Amino acid sequence: MLIIDCPYCGPRPELEFAHGGQAHVVRPADPSKSSDDEWTEYLYLRLNTRGVYAERWRHARGCGRFFNALRDTTTDHFLATYRAGERPPTVAAPRSAP
Amino acid sequence: MSGLRTPAGGRVDRGRPLRFTFDGRAYTGFAGDTLASALLAHGVHLVGRSFKYHRPRGIVAAGSEEPNALVTVARDAARRTPNVRATQVELYDGLVAESQNRWPNLSFDVGAINNLLSPLIPAGFYNKTFMWPRKAWFALYEPQIRAAAGFGVAPAHADPDRYAQRFAHCDVLVVGAGPAGLAAALTAAAAGARVLLCDEQAEFGGALLDEHDAVIDGAPVAAWLAATVATLRTNPRVTLLPRTTAFGYFPHNNIGLAERVTDHLADPTPTQPRERLWQVRAREVVLAAGAIERPLVFPGNDRPGVMLASAARSYLHRYGVKVGTRAVVAAGCDAAFQAAVELAAAGVTIAVIADVRAPGSPPGPAEAAARAAGLAIEASATVLGASGRLRVAGVTLGRVGTDGSVTPGARHACDVLLMSGGYTPSVHLHSQSRGKLAFDETLGAFVPGAAAERTRSAGLARGAHGLATALDDGAAAGLAAAAASGHRGDSGPRHAVRALDGGVAGRAGALPQPAGPLPPAKAFVDFQHDVTTRDLALARREGFEAIEHIKRYTTTGMATDQGKTSGLNALGYVADESARAIPDVGLTTFRMPYTPVTFGLFAGVARGDLFDPVRRTPSHDWASARGAVFEDVGMWKRARFFPATGEDLHAAVDRECLAVRHRVGMFDASTLGKIEVVGKDAATFLNRLYVNNWANLGINRSRYGILLRDDGFVYDDGVIARLADDRFHVTTTTGGAARVFAMMEDYIQTEWTDLSVWITSTTEQWAVVAVQGPRARDVLAKLVTDVDLAPAALPHMAVARGRICGVPMLLFRVSFSGELGFEVNVAADYGAEVWAAIHAAGQEHGITPYGTEAMHVLRAEKGYIIVGQDTDGTMTPDDAAVAWAIGKTKPDFVGKRSLERATMKAAGRKQLVGLETVDPGIVLEEGAQVVAAPGQTPPMKMIGHVTSSYHSASLGRSIALGVVAGGRARLGETLYVPMPAGDIAVKVVGPVFYDREGARLNG
Amino acid sequence: MAESLKRTPPRVAAHRWLEPLPAATRFSLRGGPAARAAASRAFGVELPEQACRAATAGGRAALWLGPDEQLLIAPEVDAAAASGALGAALADIPHALVDISHRQVALGLEGPHAVWLLAHGCPLDLDLAQFPVGMCTRTVYLKAEVLLWRTAEDRVRIEVWRSFADYVVAQLEETALELPA
Ligand SMILES: [Zn+2]
């Protein structure tokens, strides 16, 4: 069970959170102007990163907020959490290399 | 007793004798004994049969690493625990234990024929032998193997014991209460840290419990230990957990502990849990798990009476038991000489000490002590074999020449053989935490390397041996852990120690044997899985070089002890045979649990009534008192039907449906999800989210809404009412309430942050009574005030606020039955009384409570879909025949773009249709497949399936909804539903079976 | 029919460590700082700006549940007065005010074992230093979502959706079997 640092409430147990998939996937402003390929990419194509991955979490059983996190998928260590709408912070390379 | 119990000494309470039985035979022991020590005090070494060859096996160790002595402890028929290690079973008065894996008894076991057949069952035997014919695997091989193999027998009854669980938090978790762990706990606690100290044994002390002559800070070791534990116990910020195994190390310093609360008690109280699962979150962890002595690998090393030298010391000093009368000591580590010296002092004859240490090993202090004691030592020795069937009777030694050649030596009679191959640090938890391991050439073993979590190892667990070193190392680790958790302290004075340190370095792999083929006698590497040197050699001959492959092929290290005693010996053997260094052979991964954990521990309280929340609506007690039959819908209990005396499901549902169609029925709709959407942009928000047009919905009007995901598939549905310009009351399906709420929050918070809108769940704020049927208005008219119920004032899909029974009410003119209908929403604390009042007021109209089953029939008669039953996550609104709900002029809504993709509009998609059986008496099975032509044999092309199917009392026939490829173009066609008894012919019809014009809604 | 009904909340068994708390008036207030400021004046409690903190005044309470979400609790008899005052004060400010008086029930966990009972199923660190008096938060208790509010060192108010109350109480009762008699 991970400890996740909610940008609003502080470090809390994973049991309170819901994972929200890859972060920074932008819904086209006018979907009618998207080609089928662009729309398919938005809907279905996701990264499968080995290393630092930006993902969404919601503090579902807490403050209810969605936010983003940088997690090293090889160690499960979080490098940063930040509020929805914010740009991902610059972080040092993860301490244990793959 | 047999004279094996020393006249005094040890930590057992000689004033408290205890009776117990083993395989039906009565024995006595003392409080403080384990089953193993009590049996050894009676000279009983033979305690089990091995897994594969059914070889007689004895007690090897004194702790949790014991590979052989697995027994069943039974309190009663339901409380039978198989596969517990006799070395960890604390004796209580009346304990009943049995050996395992033998028939008819331990001394004569029919399965031992496997030992004679062993040339036929080599490594990889399962993989090779039971391949073909394939069918025989299920019919013959697997049942036979399952009957012949395995450890112990699971009880046939449900476990009657309670299991508790607990979350705990600390600054410093110390695993292991030996010298290093105790020292760590002392310094961490002195620094002010919240400390949790756990140890798998009944008593704290670890290796200190086995010491006799050591002195710490001027006090005998036992006195120092008692004082130290007392110091920790009086500190309110320290939690002490004996009998508690740290079995798993999970990410972010989450450690699972298994506490055995009552297994050691003769008469546990029913309120005590048998075990407790601790989920500990520690800021810092100190792993002081000690080390495990390695057996030596030589022919016949599994004879009962062949045991670890450290175990012999433990039995002597801790339990006051001599493990035999005449011992041969095979010393692959200096520490074994200490065992010889101490056993000799206790009166055990030491026949000879065979110095089997690797050539060039430096002389050690324990060896010097043995020489000073005048014990016979044979240098440059090896062990060629051990004889004796049910108990070792003699040991044949050999001599290793400077060129490595081995010449046979003398046979020494004995009744125990004490062996030591050195010590393997217990790095299990460090490795589980994804920490790296490093091979220490001096120790000849792996030690913890770089940590991946906030953890540090101390003492023997990282190879820091010797009492003084372990105490220093533990103190430093405790101090550092406390500091890292924000509590600075000082280490205090160093402990003054007088103790012998025999070191931990030894050897791994097999002892040298004469050149040539392996001798016929087996040399066991893994006792618990019966893996021998021959098996490992075979695996190599067949081309397996990586230890991961050899492990899986031979199953070495894959038994319940996970190779605690065998892992490094297997590596050493493969390394020797392949002329590689041990680190080059590799290392298999350590997995949780450290020792086996009961299912009960994981289940905890989550069973029976406490398994899941049981959610009940305000009318539940009323319905229950009237004999309603409930069904589970998610966590909710919903009344399924209300049987009158003598009625079955079908009779009750027919009656309930007819009552709604002809008079009036009432139904509890409270479980529907409800979300209040408020803000000046509420309509805009719903417009973007739902397919419908909400901008033109008037205040106090409602509309059936469809929600898609952005992939275009139907996700949820429900009636949405506009209560004010900026306030909507959204209903969702019962099962969809939470996920629709989360989806709304997602779009509000992350996608459409320009909108001024908020949502609040009101599912449980409201109790909802659906009153449906031609007389519904007449019933409500008696109770409702402040609302004009006339059709003109409150038409279909209108909403009004007023009062019922004097309390505020939100009234919907809606129908999920196709009849004139209302849904009365009142605040939930009034729900029960309003329900009863409506029932009472409806008596003169024959009001009939109905359940979810009748509700389903009524809505299916009208072709109203249930999302999740008639849809399956791959259906568009058009597929589900609800495309009429889409707001045609909206530029966008969630899912709209996906509906434009070619495949979403392709011909031949499955579409919702009605299915009428040609024989009106046949009710189709939901989920049954639909095919185009009769008389086919599999495989046949399936073109659809039945989603809803009922008997309709109103129509006097069966009805069904289904999805069929190109269904709407097939109206009038006959299709077939193939069933085991034959094809059922069905006619494709429209999905509305009853009142196609919808006239009844507007009554 | 003018006669009004009395509220009948779900029955909760009393124990020496558990007091069922009376029915209350509750509002979910969602909105920004302006809404909180106006609500503070109208409700008579300074709505907390600090995360996971509660404030009380005159028998009323405001609990921070999220950056734009507050739970307002008042005695049952205050329902109309509080609703009217809040509605008037917030009329021109973007916000959502929703009556959730009946959505949840309140349990008063009390005594020296209050926190010990909760640790059976709540993964939060409930040590006084980590979860001080005045702290409140939504969290989980086994398979139920609950709101915990520490109102005194040995007192925790649990708010739980009404249909989950039976489950929470049953789990607490199971744990309490181990309490000394
Ligand atoms: Zn939060």
# chains A, B, ... in the order shown; residues from 1 in each chain; ligands from 1

$ residues_around --residues "Pro13 (chain A)" --least-positions-apart "5" --cutoff "10 Å" --atoms "only C-alpha atoms" --output "MDAnalysis selection string"
(chainID A and resid 1:6 59) or (chainID B and resid 252 281) or (chainID C and resid 122:125 139:140)

$ write_last_selection --atoms "all heavy atoms" --output "short mmCIF file (atom, residue, chain, number, x, y, z; two decimals), in the first residue's frame"
data_model
loop_
_atom_site.label_atom_id
_atom_site.label_comp_id
_atom_site.auth_asym_id
_atom_site.auth_seq_id
_atom_site.Cartn_x
_atom_site.Cartn_y
_atom_site.Cartn_z
N MET A 1 0.85 -1.19 0.00
CA MET A 1 0.00 0.00 0.00
C MET A 1 0.89 1.25 0.00
O MET A 1 1.71 1.43 0.88
CB MET A 1 -0.91 -0.01 1.22
CG MET A 1 -1.88 1.14 1.23
SD MET A 1 -3.12 1.06 2.51
CE MET A 1 -2.15 0.81 3.98
N LEU A 2 0.73 2.05 -1.01
CA LEU A 2 1.58 3.22 -1.16
C LEU A 2 1.12 4.34 -0.23
O LEU A 2 -0.01 4.34 0.26
CB LEU A 2 1.52 3.72 -2.61
CG LEU A 2 1.77 2.68 -3.70
CD1 LEU A 2 1.65 3.32 -5.08
CD2 LEU A 2 3.12 2.02 -3.53
N ILE A 3 2.04 5.28 0.00
CA ILE A 3 1.69 6.54 0.65
C ILE A 3 1.72 7.60 -0.44
O ILE A 3 2.70 7.73 -1.18
CB ILE A 3 2.70 6.89 1.76
CG1 ILE A 3 2.55 5.93 2.93
CG2 ILE A 3 2.53 8.33 2.20
CD1 ILE A 3 1.36 6.21 3.82
N ILE A 4 0.63 8.33 -0.57
CA ILE A 4 0.52 9.31 -1.64
C ILE A 4 0.33 10.68 -1.03
O ILE A 4 -0.51 10.87 -0.14
CB ILE A 4 -0.66 8.93 -2.57
CG1 ILE A 4 -0.45 7.52 -3.13
CG2 ILE A 4 -0.79 9.95 -3.70
CD1 ILE A 4 -1.66 6.96 -3.85
N ASP A 5 1.13 11.62 -1.50
CA ASP A 5 1.13 12.96 -0.91
C ASP A 5 0.09 13.83 -1.62
O ASP A 5 0.37 14.43 -2.65
CB ASP A 5 2.54 13.56 -1.04
CG ASP A 5 2.70 14.81 -0.20
OD1 ASP A 5 1.72 15.19 0.49
OD2 ASP A 5 3.78 15.40 -0.24
N CYS A 6 -1.11 13.86 -1.07
CA CYS A 6 -2.17 14.68 -1.67
C CYS A 6 -1.75 16.15 -1.58
O CYS A 6 -1.35 16.62 -0.52
CB CYS A 6 -3.50 14.48 -0.92
SG CYS A 6 -4.78 15.64 -1.43
N HIS A 59 -8.07 11.84 -4.70
CA HIS A 59 -8.18 11.56 -3.27
C HIS A 59 -9.66 11.30 -2.97
O HIS A 59 -10.33 12.09 -2.29
CB HIS A 59 -7.62 12.73 -2.45
CG HIS A 59 -7.37 12.37 -1.02
ND1 HIS A 59 -6.99 13.29 -0.08
CD2 HIS A 59 -7.43 11.18 -0.37
CE1 HIS A 59 -6.84 12.69 1.09
NE2 HIS A 59 -7.11 11.40 0.93
N HIS B 252 6.69 1.35 0.38
CA HIS B 252 6.56 2.52 1.24
C HIS B 252 6.52 2.10 2.71
O HIS B 252 5.70 2.61 3.49
CB HIS B 252 5.34 3.35 0.86
CG HIS B 252 5.44 3.93 -0.53
ND1 HIS B 252 4.63 4.92 -1.00
CD2 HIS B 252 6.28 3.67 -1.55
CE1 HIS B 252 4.95 5.23 -2.25
NE2 HIS B 252 5.96 4.47 -2.61
N ARG B 281 2.86 0.80 9.32
CA ARG B 281 3.51 1.81 8.49
C ARG B 281 4.60 2.42 9.35
O ARG B 281 4.33 3.03 10.37
CB ARG B 281 2.50 2.87 8.07
CG ARG B 281 3.09 3.90 7.17
CD ARG B 281 3.28 3.37 5.77
NE ARG B 281 2.01 3.08 5.14
CZ ARG B 281 1.90 2.71 3.86
NH1 ARG B 281 2.97 2.56 3.11
NH2 ARG B 281 0.72 2.45 3.35
N CYS C 122 -9.12 1.62 10.17
CA CYS C 122 -8.76 2.90 9.56
C CYS C 122 -7.25 2.97 9.37
O CYS C 122 -6.50 2.81 10.33
CB CYS C 122 -9.24 4.06 10.43
SG CYS C 122 -8.70 5.65 9.78
N PRO C 123 -6.80 3.21 8.16
CA PRO C 123 -5.36 3.17 7.90
C PRO C 123 -4.61 4.45 8.30
O PRO C 123 -3.40 4.51 8.14
CB PRO C 123 -5.28 2.97 6.38
CG PRO C 123 -6.52 3.63 5.86
CD PRO C 123 -7.57 3.42 6.93
N LEU C 124 -5.31 5.45 8.82
CA LEU C 124 -4.63 6.69 9.20
C LEU C 124 -3.92 6.53 10.53
O LEU C 124 -4.31 5.74 11.38
CB LEU C 124 -5.65 7.83 9.33
CG LEU C 124 -6.33 8.30 8.05
CD1 LEU C 124 -7.28 9.45 8.37
CD2 LEU C 124 -5.30 8.71 7.03
N ASP C 125 -2.87 7.34 10.71
CA ASP C 125 -2.19 7.40 12.00
C ASP C 125 -3.03 8.29 12.91
O ASP C 125 -3.13 9.49 12.71
CB ASP C 125 -0.79 7.98 11.81
CG ASP C 125 0.05 7.87 13.07
OD1 ASP C 125 -0.52 7.53 14.14
OD2 ASP C 125 1.26 8.13 13.00
N THR C 139 -12.15 9.46 5.29
CA THR C 139 -11.18 8.39 5.14
C THR C 139 -11.97 7.10 4.98
O THR C 139 -13.16 7.13 4.66
CB THR C 139 -10.21 8.34 6.35
OG1 THR C 139 -9.24 7.30 6.12
CG2 THR C 139 -10.95 8.04 7.64
N VAL C 140 -11.29 5.97 5.17
CA VAL C 140 -12.00 4.70 5.08
C VAL C 140 -11.94 3.98 6.42
O VAL C 140 -10.97 4.12 7.18
CB VAL C 140 -11.41 3.77 3.99
CG1 VAL C 140 -11.70 4.34 2.62
CG2 VAL C 140 -9.93 3.56 4.18
#

$ residues_around --residues "region 3-7 of chain B" --least-positions-apart "5" --cutoff "6 Å" --atoms "only C-alpha atoms" --output "PDB file with N, CA and C atoms, in the first residue's frame"
ATOM      1  N   ALA B  41      13.453 -34.195  24.581  1.00  0.00           N
ATOM      2  CA  ALA B  41      13.730 -34.559  25.971  1.00  0.00           C
ATOM      3  C   ALA B  41      13.377 -36.021  26.225  1.00  0.00           C
ATOM      4  N   GLY B 320      17.085 -26.922  28.393  1.00  0.00           N
ATOM      5  CA  GLY B 320      17.651 -27.924  29.296  1.00  0.00           C
ATOM      6  C   GLY B 320      17.529 -29.331  28.755  1.00  0.00           C
ATOM      7  N   VAL B 321      17.717 -29.474  27.432  1.00  0.00           N
ATOM      8  CA  VAL B 321      17.579 -30.791  26.807  1.00  0.00           C
ATOM      9  C   VAL B 321      18.857 -31.140  26.058  1.00  0.00           C
ATOM     10  N   LYS B 322      19.372 -32.353  26.352  1.00  0.00           N
ATOM     11  CA  LYS B 322      20.492 -32.864  25.573  1.00  0.00           C
ATOM     12  C   LYS B 322      19.906 -33.621  24.383  1.00  0.00           C
TER      13      LYS B 322
END

$ interface_residues --of "chain A" --to "chain C" --cutoff "7 Å" --atoms "only C-alpha atoms" --output "list in words"
Tyr8, Cys9, Pro13, Glu16, Arg61, Gly62, Cys63 and Gly64 of chain A

$ residues_around --residues "Asp78 (chain C)" --least-positions-apart "3" --cutoff "12 Å" --atoms "only C-alpha atoms" --output "list in words"
Ala23, Ala24, Thr25, Arg26, Phe27, Phe43, Gly58, Gly59, Arg60, Leu72, Ile73, Ala74, Pro75, Ala81, Ala82, Ser83, Gly84, Ala85, Leu86 and Ser101 of chain C

$ write_last_selection --atoms "N, CA and C atoms" --output "CSV table (one decimal), in the first residue's frame"
chain,number,residue,atom,x,y,z
C,23,ALA,N,-30.0,13.5,15.8
C,23,ALA,CA,-30.2,13.9,14.4
C,23,ALA,C,-29.7,15.4,14.3
C,24,ALA,N,-29.2,15.7,13.2
C,24,ALA,CA,-28.6,17.1,13.0
C,24,ALA,C,-29.0,17.7,11.7
C,25,THR,N,-28.8,18.9,11.6
C,25,THR,CA,-29.0,19.6,10.3
C,25,THR,C,-27.6,19.7,9.7
C,26,ARG,N,-27.6,19.3,8.4
C,26,ARG,CA,-26.3,19.3,7.7
C,26,ARG,C,-26.4,20.0,6.3
C,27,PHE,N,-25.4,20.8,6.0
C,27,PHE,CA,-25.3,21.3,4.6
C,27,PHE,C,-24.0,21.0,4.0
C,43,PHE,N,-23.6,31.8,9.1
C,43,PHE,CA,-23.7,30.6,9.9
C,43,PHE,C,-23.2,30.8,11.3
C,58,GLY,N,-21.1,28.2,19.1
C,58,GLY,CA,-22.5,28.3,19.4
C,58,GLY,C,-23.3,27.0,19.0
C,59,GLY,N,-22.6,25.8,19.2
C,59,GLY,CA,-23.3,24.6,18.9
C,59,GLY,C,-23.3,24.2,17.5
C,60,ARG,N,-22.7,25.0,16.6
C,60,ARG,CA,-22.6,24.7,15.2
C,60,ARG,C,-21.1,24.4,14.9
C,72,LEU,N,-21.3,21.8,7.0
C,72,LEU,CA,-21.8,22.6,8.1
C,72,LEU,C,-22.8,21.8,8.9
C,73,ILE,N,-22.6,21.8,10.2
C,73,ILE,CA,-23.5,21.0,11.1
C,73,ILE,C,-24.1,21.9,12.1
C,74,ALA,N,-25.4,21.8,12.3
C,74,ALA,CA,-26.1,22.6,13.3
C,74,ALA,C,-27.1,21.7,14.0
C,75,PRO,N,-27.6,22.1,15.1
C,75,PRO,CA,-28.7,21.3,15.8
C,75,PRO,C,-29.9,21.1,14.9
C,81,ALA,N,-33.7,28.1,10.3
C,81,ALA,CA,-32.9,29.4,10.5
C,81,ALA,C,-31.6,29.3,9.7
C,82,ALA,N,-30.9,28.2,9.8
C,82,ALA,CA,-29.6,28.2,9.2
C,82,ALA,C,-29.8,28.2,7.6
C,83,SER,N,-30.7,27.5,7.2
C,83,SER,CA,-31.0,27.4,5.7
C,83,SER,C,-31.3,28.8,5.2
C,84,GLY,N,-32.2,29.5,5.9
C,84,GLY,CA,-32.6,30.8,5.5
C,84,GLY,C,-31.4,31.8,5.5
C,85,ALA,N,-30.7,31.8,6.5
C,85,ALA,CA,-29.6,32.7,6.6
C,85,ALA,C,-28.5,32.5,5.6
C,86,LEU,N,-28.2,31.2,5.4
C,86,LEU,CA,-27.2,30.9,4.4
C,86,LEU,C,-27.7,31.2,3.0
C,101,SER,N,-28.9,16.7,5.5
C,101,SER,CA,-29.1,16.4,6.9
C,101,SER,C,-29.4,14.9,7.1

$ closest_residue --among "C:Cys136, C:Pro10, C:Val115, C:Val160" --to "ligand 1" --atoms "only C-alpha atoms and all ligand atoms"
C:Cys136

$ interface_residues --of "chain C" --to "chain B" --cutoff "9 Å" --atoms "only C-alpha atoms" --output "PyMOL selection string"
chain C and resi 1-10+28+30-31+94-104+116+118-127+143-144+161-168+170-171+174-175+177-178

$ interface_residues --of "chain A" --to "chain B" --cutoff "8 Å" --atoms "only C-alpha atoms" --output "ChimeraX atom specification"
/A:1-3,27,30-32,36,39,43,65-66,75-77,84-85,96

$ write_last_selection --atoms "C-alpha atoms" --output "JSON list (two decimals), in the first residue's frame"
[["chain", "number", "residue", "atom", "x", "y", "z"],
["A", 1, "MET", "CA", 0.00, 0.00, 0.00],
["A", 2, "LEU", "CA", 1.58, 3.22, -1.16],
["A", 3, "ILE", "CA", 1.69, 6.54, 0.65],
["A", 27, "ARG", "CA", -9.23, 16.27, -24.78],
["A", 30, "ASP", "CA", -13.35, 20.70, -30.71],
["A", 31, "PRO", "CA", -13.56, 16.94, -31.16],
["A", 32, "SER", "CA", -15.46, 17.32, -34.42],
["A", 36, "ASP", "CA", -10.24, 9.46, -36.63],
["A", 39, "TRP", "CA", -9.42, 10.83, -31.75],
["A", 43, "LEU", "CA", -9.14, 7.77, -26.48],
["A", 65, "ARG", "CA", -9.53, 16.28, -5.58],
["A", 66, "PHE", "CA", -7.94, 14.99, -8.75],
["A", 75, "THR", "CA", 10.37, 1.44, -7.76],
["A", 76, "ASP", "CA", 6.86, 2.74, -7.02],
["A", 77, "HIS", "CA", 8.50, 5.81, -5.48],
["A", 84, "ALA", "CA", -4.44, 19.42, -11.71],
["A", 85, "GLY", "CA", -3.73, 22.12, -14.26],
["A", 96, "SER", "CA", 17.72, 3.58, -8.41]]

$ residues_around --residues "region 401-418 of chain B" --least-positions-apart "6" --cutoff "10 Å" --atoms "only C-alpha atoms" --output "mmCIF file with C-alpha atoms, in the first residue's frame"
data_model
loop_
_atom_site.group_PDB
_atom_site.id
_atom_site.type_symbol
_atom_site.label_atom_id
_atom_site.label_comp_id
_atom_site.auth_asym_id
_atom_site.auth_seq_id
_atom_site.Cartn_x
_atom_site.Cartn_y
_atom_site.Cartn_z
ATOM 1 C CA GLY B 43 14.697 -38.957 22.859
ATOM 2 C CA HIS B 45 13.906 -37.401 16.875
ATOM 3 C CA VAL B 60 16.950 -30.310 12.270
ATOM 4 C CA PRO B 295 23.228 -27.793 7.089
ATOM 5 C CA LEU B 296 26.092 -29.706 5.519
ATOM 6 C CA ASN B 301 22.467 -36.069 5.847
ATOM 7 C CA ARG B 303 18.822 -39.175 8.948
ATOM 8 C CA PRO B 304 16.867 -38.367 12.100
ATOM 9 C CA GLY B 305 19.421 -37.234 14.637
ATOM 10 C CA VAL B 306 21.414 -35.205 12.127
ATOM 11 C CA MET B 307 20.838 -31.642 13.174
ATOM 12 C CA LEU B 308 22.278 -28.168 13.285
ATOM 13 C CA ALA B 309 24.937 -27.492 15.882
ATOM 14 C CA SER B 310 23.279 -24.226 16.900
ATOM 15 C CA ALA B 311 20.021 -26.104 17.474
ATOM 16 C CA ALA B 312 21.798 -28.450 19.881
ATOM 17 C CA ARG B 313 23.062 -25.407 21.825
ATOM 18 C CA VAL B 323 19.732 -33.869 21.989
ATOM 19 C CA GLY B 324 21.648 -37.134 22.380
ATOM 20 C CA THR B 325 24.208 -38.960 24.426
ATOM 21 C CA ARG B 326 27.015 -39.417 21.925
ATOM 22 C CA ALA B 327 27.637 -36.826 19.257
ATOM 23 C CA VAL B 328 29.768 -36.463 16.194
ATOM 24 C CA VAL B 329 30.253 -32.803 15.360
ATOM 25 C CA ALA B 330 30.871 -31.857 11.745
ATOM 26 C CA ALA B 331 32.243 -28.356 11.958
ATOM 27 C CA ALA B 336 30.315 -25.585 15.863
ATOM 28 C CA ALA B 339 28.553 -26.430 20.601
ATOM 29 C CA ALA B 340 30.860 -29.398 21.106
ATOM 30 C CA THR B 349 30.045 -37.641 24.812
ATOM 31 C CA ILE B 350 31.719 -36.008 21.833
ATOM 32 C CA ALA B 351 32.890 -38.923 19.699
ATOM 33 C CA VAL B 352 34.866 -36.699 17.402
ATOM 34 C CA ILE B 353 34.821 -33.240 15.907
ATOM 35 C CA PRO B 359 40.955 -25.640 3.315
ATOM 36 C CA SER B 380 40.906 -31.831 6.945
ATOM 37 C CA ALA B 381 37.916 -34.082 7.329
ATOM 38 C CA THR B 382 34.797 -34.694 5.318
ATOM 39 C CA VAL B 383 31.650 -36.731 5.951
ATOM 40 C CA LEU B 384 31.143 -39.690 3.624
ATOM 41 C CA GLY B 385 27.924 -41.006 5.035
ATOM 42 C CA ALA B 386 25.563 -41.447 7.944
ATOM 43 C CA SER B 387 23.953 -44.767 8.761
ATOM 44 C CA GLY B 388 20.862 -45.741 10.708
ATOM 45 C CA ARG B 391 17.869 -42.582 13.829
ATOM 46 C CA VAL B 392 21.458 -41.945 12.992
ATOM 47 C CA ALA B 393 23.727 -44.691 14.388
ATOM 48 C CA GLY B 394 27.091 -43.883 12.931
ATOM 49 C CA VAL B 395 29.032 -41.497 10.756
ATOM 50 C CA PRO B 512 33.996 -33.338 -0.782
ATOM 51 C CA GLN B 513 33.427 -36.944 -1.800
ATOM 52 C CA PRO B 514 35.730 -39.504 -3.425
ATOM 53 C CA ALA B 515 36.181 -39.063 -7.175
#

$ closest_residue --among "A:Pro7, A:Asn68, A:Thr90, A:Val25" --to "Tyr44 (chain A)" --atoms "only C-alpha atoms"
A:Val25

$ select_by_dssp --residues "region 62-171 of chain C" --states "strand (DSSP E or B)" --output "ChimeraX atom specification"
/C:62-66,69-75,95-99,104-110,135-141,144-152,155-161

$ atom_distance --atom1 "CA of Pro236 (chain B)" --atom2 "CA of Val133 (chain C)"
20.3 Å

$ select_by_dssp --residues "region 326-466 of chain B" --states "alpha helix (DSSP H)" --output "PyMOL selection string"
chain B and resi 335-345+365-372+428-432

$ residues_around --residues "Ala80 (chain A)" --least-positions-apart "5" --cutoff "12 Å" --atoms "only C-alpha atoms" --output "PyMOL selection string"
chain A and resi 4-7+10-11+52-56+67-72+86-94

$ closest_residue --among "A:Leu79, A:Val26, A:Ala18, A:Leu47" --to "ligand 1" --atoms "only C-alpha atoms and all ligand atoms"
A:Ala18

$ closest_residue --among "C:Leu90, C:Ala106, C:Ala57, C:Leu117" --to "Ala42 (chain C)" --atoms "only C-alpha atoms"
C:Leu90

$ atom_distance --atom1 "CA of Glu542 (chain B)" --atom2 "CA of Glu577 (chain B)"
13.7 Å

$ atom_distance --atom1 "CA of Leu672 (chain B)" --atom2 "CA of Asp872 (chain B)"
19.4 Å

$ residues_around --residues "region 491-507 of chain B" --least-positions-apart "4" --cutoff "8 Å" --atoms "only C-alpha atoms" --output "VMD selection string"
chain B and resid 187 213 to 218 332 to 338 357 to 358 364 to 366 420 to 424 442 to 444 463 465 to 468 471 to 472 475 to 476 479

$ closest_residue --among "A:Arg12, A:Lys33, A:Arg58, A:Arg50" --to "Thr74 (chain A)" --atoms "only C-alpha atoms"
A:Arg50

$ closest_residue --among "C:Gly44, C:Pro180, C:Gly134, C:Pro20" --to "Arg150 (chain C)" --atoms "only C-alpha atoms"
C:Gly134
